[in-house]
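Quick notes on the structure that follows.
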Amino acid sequence: MLLIKLDVHWLKQGCDASVLLDDVSPSFTGEKTASPNANSLRGFEVIDSIKSQVESICPGVVSCADILAVAARDSVASVRAHTTGQARCLMFRSRVYNETNIDSTLATSLKSSCPSTGNDTNLSPLDATSPVIFDNAYFTNLVNNKGLLHSDQQLFSGGSTDSQVKTYSTNPVTFYTDFANAILKMGKLSPLTGTDGQIRTNCRKVN
């Protein structure tokens with residue numbers, strides 16, 4: 001199974017696969033162990049295996065970013081990685097116990113696995129409505145105050161993004177089209193090519 005949550009990390013120069021880097025020294029702290037990712041992102045050994053096999057056949061050509069992007073694409077098509085994502089209790093506890101713009105039934109359900117203290121690593125799906133289907137239910141959830149994370153629900157909280165959330169919640173075709181266009185746009189954000197960039201031989205560390 002490929003990553004409960006598989007992130008493609010985009011910067012101003014495209015995907016750099018920096019989320020794969022290990023903390024290799026006291027002066028280099030990567031994203032892998034950052035609070036939102038620690039004990040949440042997983043499946044790194046799958047990327048390692050793919051990279052090893054690709055390097056044995058075609059060394060120094062296919063980047064870690066390429067592998068991560070293709071893996072993300074294929075996982076969405078087969079295991080729906082973007083909607084089978086889960087978050088740790090630690091990351092949504094404050095919303096469940098302190099916020100009022102959360103559906104009461106959802107809050108009660110979440111409290112059963114996420115007590116006010118302890119069990120920080122217990123997981124809950126980002127989309128409880130259809131956790132294994134890539135669809136627009138995420139936006140329907142927001143309209144119904146069922147966003148798991150505080151940052152999710154902020155997209156529908158009386159601000160400028162409310163109208164966009166409503167559009168996606170009622171028109172899945174628009175969501176799919178805009179999602180595809182956004183991915184294509186990010187893929188064109190001046191990625192480093194040729195000798196301008198670096199193709200890592202080991203996705204866990206810089207060359």
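Labels used: A, B, ... for chains in the order of the structure tokens, numbers from 1 for residues in each chain, and numbers from 1 for ligands as shown.
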* Among region 15-207 of chain A, which residues carry a DSSP assignment of alpha helix (DSSP H), reported as a PyMOL selection string? -> chain A and resi 44-57+64-78+89-98+104-113+137-143+150-153+162-170+172-186
* Within 12 Å of Asp16 (chain A), counting only C-alpha atoms, which residues show up once you throw out same-chain ones fewer than 5 positions away? Write them as a ChimeraX atom specification, please. => /A:7-11,21,63-69,186-187,189-193,197-200,203,206
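Take the candidates A:Val165, A:Ala128, A:Leu90, A:Ala71 and check each one against Cys114 (chain A) using only C-alpha atoms; the shortest distance goes to A:Leu90.
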* To do: Extract the full set of strand (DSSP E or B) residues from chain A according to DSSP on the backbone, and format it as a ChimeraX atom specification.
  => /A:10-11,14-15,25,28,86-88,123-125
Selected residues written out with N, CA, C and O atoms, as a tab-separated table (two decimals), in the first residue's frame:
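Produced file again_33.tsv, reproduced below:
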chain	number	residue	atom	x	y	z
A	10	TRP	N	5.49	20.97	-3.79
A	10	TRP	CA	5.75	21.92	-4.87
A	10	TRP	C	6.34	23.21	-4.32
A	10	TRP	O	5.84	23.77	-3.37
A	11	LEU	N	7.41	23.67	-4.94
A	11	LEU	CA	8.00	24.95	-4.61
A	11	LEU	C	7.92	25.84	-5.84
A	11	LEU	O	7.31	25.51	-6.83
A	14	GLY	N	8.83	24.02	-9.02
A	14	GLY	CA	8.23	22.73	-9.25
A	14	GLY	C	8.44	21.74	-8.11
A	14	GLY	O	8.83	22.10	-7.01
A	15	CYS	N	8.18	20.49	-8.39
A	15	CYS	CA	8.27	19.43	-7.40
A	15	CYS	C	9.73	19.09	-7.13
A	15	CYS	O	10.49	18.82	-8.06
A	25	SER	N	21.62	15.52	9.77
A	25	SER	CA	22.55	16.14	10.70
A	25	SER	C	21.81	17.14	11.58
A	25	SER	O	20.68	17.54	11.24
A	28	PHE	N	20.53	20.02	9.64
A	28	PHE	CA	19.60	19.80	8.53
A	28	PHE	C	18.38	19.05	9.03
A	28	PHE	O	18.43	17.87	9.32
A	86	GLN	N	-5.18	10.48	6.25
A	86	GLN	CA	-5.63	10.52	7.63
A	86	GLN	C	-4.79	11.50	8.42
A	86	GLN	O	-3.67	11.83	8.04
A	87	ALA	N	-5.34	11.98	9.51
A	87	ALA	CA	-4.62	12.91	10.38
A	87	ALA	C	-4.60	12.34	11.79
A	87	ALA	O	-5.50	11.61	12.21
A	88	ARG	N	-3.54	12.69	12.53
A	88	ARG	CA	-3.41	12.22	13.91
A	88	ARG	C	-4.29	13.05	14.85
A	88	ARG	O	-4.53	14.23	14.61
A	123	LEU	N	-5.51	7.79	14.45
A	123	LEU	CA	-5.81	8.39	13.15
A	123	LEU	C	-7.30	8.46	12.86
A	123	LEU	O	-8.07	7.59	13.25
A	124	SER	N	-7.69	9.50	12.12
A	124	SER	CA	-9.05	9.63	11.60
A	124	SER	C	-8.96	10.12	10.17
A	124	SER	O	-8.05	10.89	9.82
A	125	PRO	N	-9.89	9.69	9.30
A	125	PRO	CA	-9.82	10.07	7.89
A	125	PRO	C	-10.12	11.54	7.66
A	125	PRO	O	-10.97	12.12	8.34
* Asked: What is the distance between CA of Thr170 (chain A) and CA of Thr108 (chain A), in Å to one decimal?
  ->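 For CA of Thr170 (chain A) relative to CA of Thr108 (chain A), the distance reads 26.6 Å.
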* Asked: Please, what distance in Å, to one decimal, runs between CA of Ile57 (chain A) and CA of Gly194 (chain A)?
  -> 19.2 Å
* To do: Choose the residue, out of A:Asp127, A:Glu45, A:Glu55, A:Asp135, that has the smallest atom-to-atom separation from Ser169 (chain A); count only C-alpha atoms.
  =>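 Closest to Ser169 (chain A) of all the choices is A:Asp135.
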* Choose the residue, out of A:Cys58, A:Asn37, A:Asp196, A:Lys146, that has the smallest atom-to-atom separation from Thr100 (chain A); count only C-alpha atoms. =>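 Once distances to Thr100 (chain A) are computed over only C-alpha atoms, the minimum belongs to A:Lys146.
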